[in-house]
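Q: Before we start, here is the structure in question, set down as structure tokens.
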Amino acid sequence: MIAGRIVTALALAATMALVSACGRKAGLDTPYEAAVQARKDALKAKGICRYTGITTTFKSAYAATEAIIKREKPDFLLIDYAIDNRDVEARILPACQDAGTAVLIALPFGRGRLFRTALGKQLPEWAAEFDCASWGQFFLKFLLAHPAVHAVAPGTSKAQHMIDNLGAGRGRLRWWLARAVWAPGSA
């Protein structure tokens, strides 16, 4: 049952993305777009699908993603965002806030890139001001403190990493401090 709902949500998200990717500029005036909206509404009304959303981890799809958010106002967006990959801050996150779209973050460690950058470097003392005990917590708190972000999905297969990641959800968040001090390569 749940697997069917996930497949349905993914198929719907893919359909919405295809509609935008096809270069359609019209609203729901075209029969195809009206059918997609009707299907989305029917899935929700039947209780098959509670939320619908879109996802991308490709910078080349950001313009289409922004257009979908503004036009379709999906329930959620899953997108890549990391302390050294902040392109979404300029347009996509504000569009989500305006549309009431929840933001879920994928690849918060940049596929491990952030840990390779911080390898061998001490966590700055000022990170204690917002209760960071590790680089992983610092990277996650940076994202969680953004007012548009609702959740972060760090992938791990190691229990100790999961426990450390959970620490990012505790304590103070200082979005402005992290942004003011951090610059890639400055850690």
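Going by the structure tokens order, chains are called A, B, ..., each with residues numbered from 1, while ligands are numbered from 1 in the order shown.
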Which neighbours of Asn85 in chain A fall inside 10 Å, counting only C-alpha atoms, when residues of the same chain fewer than 4 positions from it are skipped, and could you give them as a list of chain:residue names?
A: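 Once the adjacent positions are removed, what remains is A:Lys59, A:Asp80, A:Tyr81, A:Glu89, A:Leu107, A:Pro108, A:Phe109, A:Gly110, A:Pro184.
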Q: Within range 80-183 of chain A, find each residue whose DSSP state, derived from the backbone, is alpha helix (DSSP H), and express the selection as a PyMOL selection string.
A: chain A and resi 92-99+113-118+135-144+159-166+175-181
Q: Would you mind reading off the distance between CA of Ala168 in chain A and CA of Leu140 in chain A, one decimal, in Å?
A: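 Distance between the two atoms: 6.0 Å.
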Q: Which is closest to His146 in chain A among A:Leu78, A:Ala95, A:Ala61, A:Leu173, if we use only C-alpha atoms?
A: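 Among A:Leu78, A:Ala95, A:Ala61, A:Leu173, it is A:Leu173 that comes nearest to His146 in chain A.
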Q: One decimal, Å: what's the distance from CA of Gly155 in chain A over to CA of Leu123 in chain A, could you say?
A: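 Between CA of Gly155 in chain A and CA of Leu123 in chain A the gap is 21.6 Å.
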Q: Between CA of His150 in chain A and CA of Ala63 in chain A, what is the distance, to one decimal in Å?
A: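 Separation between CA of His150 in chain A and CA of Ala63 in chain A: 21.4 Å.
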Q: Could you pull the residues within 9 Å of Phe139 in chain A, counting only C-alpha atoms, minus those fewer than 2 positions along the same chain, as a PDB file with all heavy atoms, in the first residue's frame?
A:
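Written output follows (selection-v8.pdb):
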ATOM      1  N   ALA A  82      23.769  22.489   0.092  1.00  0.00           N
ATOM      2  CA  ALA A  82      24.848  22.267   1.052  1.00  0.00           C
ATOM      3  C   ALA A  82      25.538  23.601   1.302  1.00  0.00           C
ATOM      4  O   ALA A  82      25.345  24.571   0.552  1.00  0.00           O
ATOM      5  CB  ALA A  82      25.845  21.233   0.515  1.00  0.00           C
ATOM      6  N   ILE A  83      26.348  23.644   2.321  1.00  0.00           N
ATOM      7  CA  ILE A  83      26.999  24.888   2.716  1.00  0.00           C
ATOM      8  C   ILE A  83      27.890  25.440   1.589  1.00  0.00           C
ATOM      9  O   ILE A  83      28.101  26.642   1.507  1.00  0.00           O
ATOM     10  CB  ILE A  83      27.783  24.690   4.034  1.00  0.00           C
ATOM     11  CG1 ILE A  83      28.035  26.025   4.714  1.00  0.00           C
ATOM     12  CG2 ILE A  83      29.043  23.899   3.817  1.00  0.00           C
ATOM     13  CD1 ILE A  83      28.511  25.884   6.151  1.00  0.00           C
ATOM     14  N   PRO A 108      23.068  16.926   1.784  1.00  0.00           N
ATOM     15  CA  PRO A 108      23.518  18.048   2.614  1.00  0.00           C
ATOM     16  C   PRO A 108      25.032  18.086   2.837  1.00  0.00           C
ATOM     17  O   PRO A 108      25.565  19.115   3.247  1.00  0.00           O
ATOM     18  CB  PRO A 108      22.787  17.833   3.935  1.00  0.00           C
ATOM     19  CG  PRO A 108      22.567  16.361   3.999  1.00  0.00           C
ATOM     20  CD  PRO A 108      22.303  15.959   2.569  1.00  0.00           C
ATOM     21  N   PHE A 109      25.705  16.970   2.557  1.00  0.00           N
ATOM     22  CA  PHE A 109      27.156  16.939   2.706  1.00  0.00           C
ATOM     23  C   PHE A 109      27.854  16.978   1.340  1.00  0.00           C
ATOM     24  O   PHE A 109      29.049  16.733   1.244  1.00  0.00           O
ATOM     25  CB  PHE A 109      27.601  15.697   3.476  1.00  0.00           C
ATOM     26  CG  PHE A 109      26.987  15.574   4.848  1.00  0.00           C
ATOM     27  CD1 PHE A 109      26.413  14.397   5.258  1.00  0.00           C
ATOM     28  CD2 PHE A 109      26.995  16.649   5.733  1.00  0.00           C
ATOM     29  CE1 PHE A 109      25.848  14.265   6.523  1.00  0.00           C
ATOM     30  CE2 PHE A 109      26.425  16.540   7.002  1.00  0.00           C
ATOM     31  CZ  PHE A 109      25.858  15.343   7.391  1.00  0.00           C
ATOM     32  N   LEU A 114      32.074  17.944   1.538  1.00  0.00           N
ATOM     33  CA  LEU A 114      32.315  18.823   2.686  1.00  0.00           C
ATOM     34  C   LEU A 114      33.243  18.176   3.711  1.00  0.00           C
ATOM     35  O   LEU A 114      34.093  18.853   4.300  1.00  0.00           O
ATOM     36  CB  LEU A 114      30.991  19.213   3.346  1.00  0.00           C
ATOM     37  CG  LEU A 114      30.102  20.124   2.498  1.00  0.00           C
ATOM     38  CD1 LEU A 114      28.768  20.347   3.183  1.00  0.00           C
ATOM     39  CD2 LEU A 114      30.790  21.442   2.230  1.00  0.00           C
ATOM     40  N   SER A 134      30.442  18.704  16.014  1.00  0.00           N
ATOM     41  CA  SER A 134      31.141  18.042  14.907  1.00  0.00           C
ATOM     42  C   SER A 134      30.907  18.817  13.619  1.00  0.00           C
ATOM     43  O   SER A 134      29.999  19.651  13.530  1.00  0.00           O
ATOM     44  CB  SER A 134      30.630  16.612  14.746  1.00  0.00           C
ATOM     45  OG  SER A 134      29.288  16.630  14.257  1.00  0.00           O
ATOM     46  N   TRP A 135      31.721  18.508  12.632  1.00  0.00           N
ATOM     47  CA  TRP A 135      31.515  19.128  11.321  1.00  0.00           C
ATOM     48  C   TRP A 135      30.166  18.726  10.740  1.00  0.00           C
ATOM     49  O   TRP A 135      29.472  19.545  10.135  1.00  0.00           O
ATOM     50  CB  TRP A 135      32.645  18.755  10.355  1.00  0.00           C
ATOM     51  CG  TRP A 135      33.882  19.554  10.554  1.00  0.00           C
ATOM     52  CD1 TRP A 135      35.081  19.122  11.034  1.00  0.00           C
ATOM     53  CD2 TRP A 135      34.037  20.958  10.292  1.00  0.00           C
ATOM     54  NE1 TRP A 135      35.972  20.176  11.078  1.00  0.00           N
ATOM     55  CE2 TRP A 135      35.361  21.309  10.628  1.00  0.00           C
ATOM     56  CE3 TRP A 135      33.188  21.954   9.819  1.00  0.00           C
ATOM     57  CZ2 TRP A 135      35.855  22.595  10.493  1.00  0.00           C
ATOM     58  CZ3 TRP A 135      33.679  23.251   9.685  1.00  0.00           C
ATOM     59  CH2 TRP A 135      34.992  23.550  10.014  1.00  0.00           C
ATOM     60  N   GLY A 136      29.774  17.466  10.918  1.00  0.00           N
ATOM     61  CA  GLY A 136      28.473  17.021  10.405  1.00  0.00           C
ATOM     62  C   GLY A 136      27.337  17.849  10.977  1.00  0.00           C
ATOM     63  O   GLY A 136      26.440  18.284  10.254  1.00  0.00           O
ATOM     64  N   GLN A 137      27.364  18.090  12.283  1.00  0.00           N
ATOM     65  CA  GLN A 137      26.330  18.918  12.911  1.00  0.00           C
ATOM     66  C   GLN A 137      26.386  20.346  12.392  1.00  0.00           C
ATOM     67  O   GLN A 137      25.350  20.967  12.155  1.00  0.00           O
ATOM     68  CB  GLN A 137      26.480  18.886  14.427  1.00  0.00           C
ATOM     69  CG  GLN A 137      26.139  17.558  15.034  1.00  0.00           C
ATOM     70  CD  GLN A 137      26.367  17.526  16.527  1.00  0.00           C
ATOM     71  OE1 GLN A 137      26.508  18.558  17.175  1.00  0.00           O
ATOM     72  NE2 GLN A 137      26.393  16.323  17.082  1.00  0.00           N
ATOM     73  N   LYS A 141      23.202  21.987  10.696  1.00  0.00           N
ATOM     74  CA  LYS A 141      22.585  23.146  11.358  1.00  0.00           C
ATOM     75  C   LYS A 141      22.548  24.356  10.431  1.00  0.00           C
ATOM     76  O   LYS A 141      21.593  25.137  10.460  1.00  0.00           O
ATOM     77  CB  LYS A 141      23.322  23.495  12.648  1.00  0.00           C
ATOM     78  CG  LYS A 141      22.933  22.620  13.811  1.00  0.00           C
ATOM     79  CD  LYS A 141      23.671  23.053  15.062  1.00  0.00           C
ATOM     80  CE  LYS A 141      23.262  22.254  16.251  1.00  0.00           C
ATOM     81  NZ  LYS A 141      22.224  22.897  17.033  1.00  0.00           N
ATOM     82  N   PHE A 142      23.574  24.506   9.619  1.00  0.00           N
ATOM     83  CA  PHE A 142      23.599  25.582   8.643  1.00  0.00           C
ATOM     84  C   PHE A 142      22.350  25.532   7.767  1.00  0.00           C
ATOM     85  O   PHE A 142      21.686  26.537   7.530  1.00  0.00           O
ATOM     86  CB  PHE A 142      24.864  25.458   7.786  1.00  0.00           C
ATOM     87  CG  PHE A 142      24.976  26.461   6.684  1.00  0.00           C
ATOM     88  CD1 PHE A 142      25.547  27.697   6.911  1.00  0.00           C
ATOM     89  CD2 PHE A 142      24.519  26.174   5.408  1.00  0.00           C
ATOM     90  CE1 PHE A 142      25.668  28.626   5.887  1.00  0.00           C
ATOM     91  CE2 PHE A 142      24.630  27.091   4.388  1.00  0.00           C
ATOM     92  CZ  PHE A 142      25.204  28.326   4.630  1.00  0.00           C
ATOM     93  N   LEU A 143      22.003  24.346   7.307  1.00  0.00           N
ATOM     94  CA  LEU A 143      20.836  24.173   6.438  1.00  0.00           C
ATOM     95  C   LEU A 143      19.527  24.275   7.216  1.00  0.00           C
ATOM     96  O   LEU A 143      18.585  24.933   6.779  1.00  0.00           O
ATOM     97  CB  LEU A 143      20.916  22.823   5.732  1.00  0.00           C
ATOM     98  CG  LEU A 143      22.178  22.585   4.903  1.00  0.00           C
ATOM     99  CD1 LEU A 143      22.214  21.157   4.404  1.00  0.00           C
ATOM    100  CD2 LEU A 143      22.287  23.572   3.769  1.00  0.00           C
ATOM    101  N   LEU A 144      19.468  23.622   8.371  1.00  0.00           N
ATOM    102  CA  LEU A 144      18.248  23.624   9.171  1.00  0.00           C
ATOM    103  C   LEU A 144      17.862  25.013   9.665  1.00  0.00           C
ATOM    104  O   LEU A 144      16.691  25.286   9.915  1.00  0.00           O
ATOM    105  CB  LEU A 144      18.405  22.689  10.374  1.00  0.00           C
ATOM    106  CG  LEU A 144      18.383  21.205  10.054  1.00  0.00           C
ATOM    107  CD1 LEU A 144      18.863  20.400  11.247  1.00  0.00           C
ATOM    108  CD2 LEU A 144      16.992  20.778   9.618  1.00  0.00           C
ATOM    109  N   ALA A 168      22.367  17.523  15.363  1.00  0.00           N
ATOM    110  CA  ALA A 168      22.120  18.797  14.676  1.00  0.00           C
ATOM    111  C   ALA A 168      20.718  19.324  14.955  1.00  0.00           C
ATOM    112  O   ALA A 168      20.462  20.523  14.815  1.00  0.00           O
ATOM    113  CB  ALA A 168      22.330  18.641  13.173  1.00  0.00           C
TER     114      ALA A 168
END
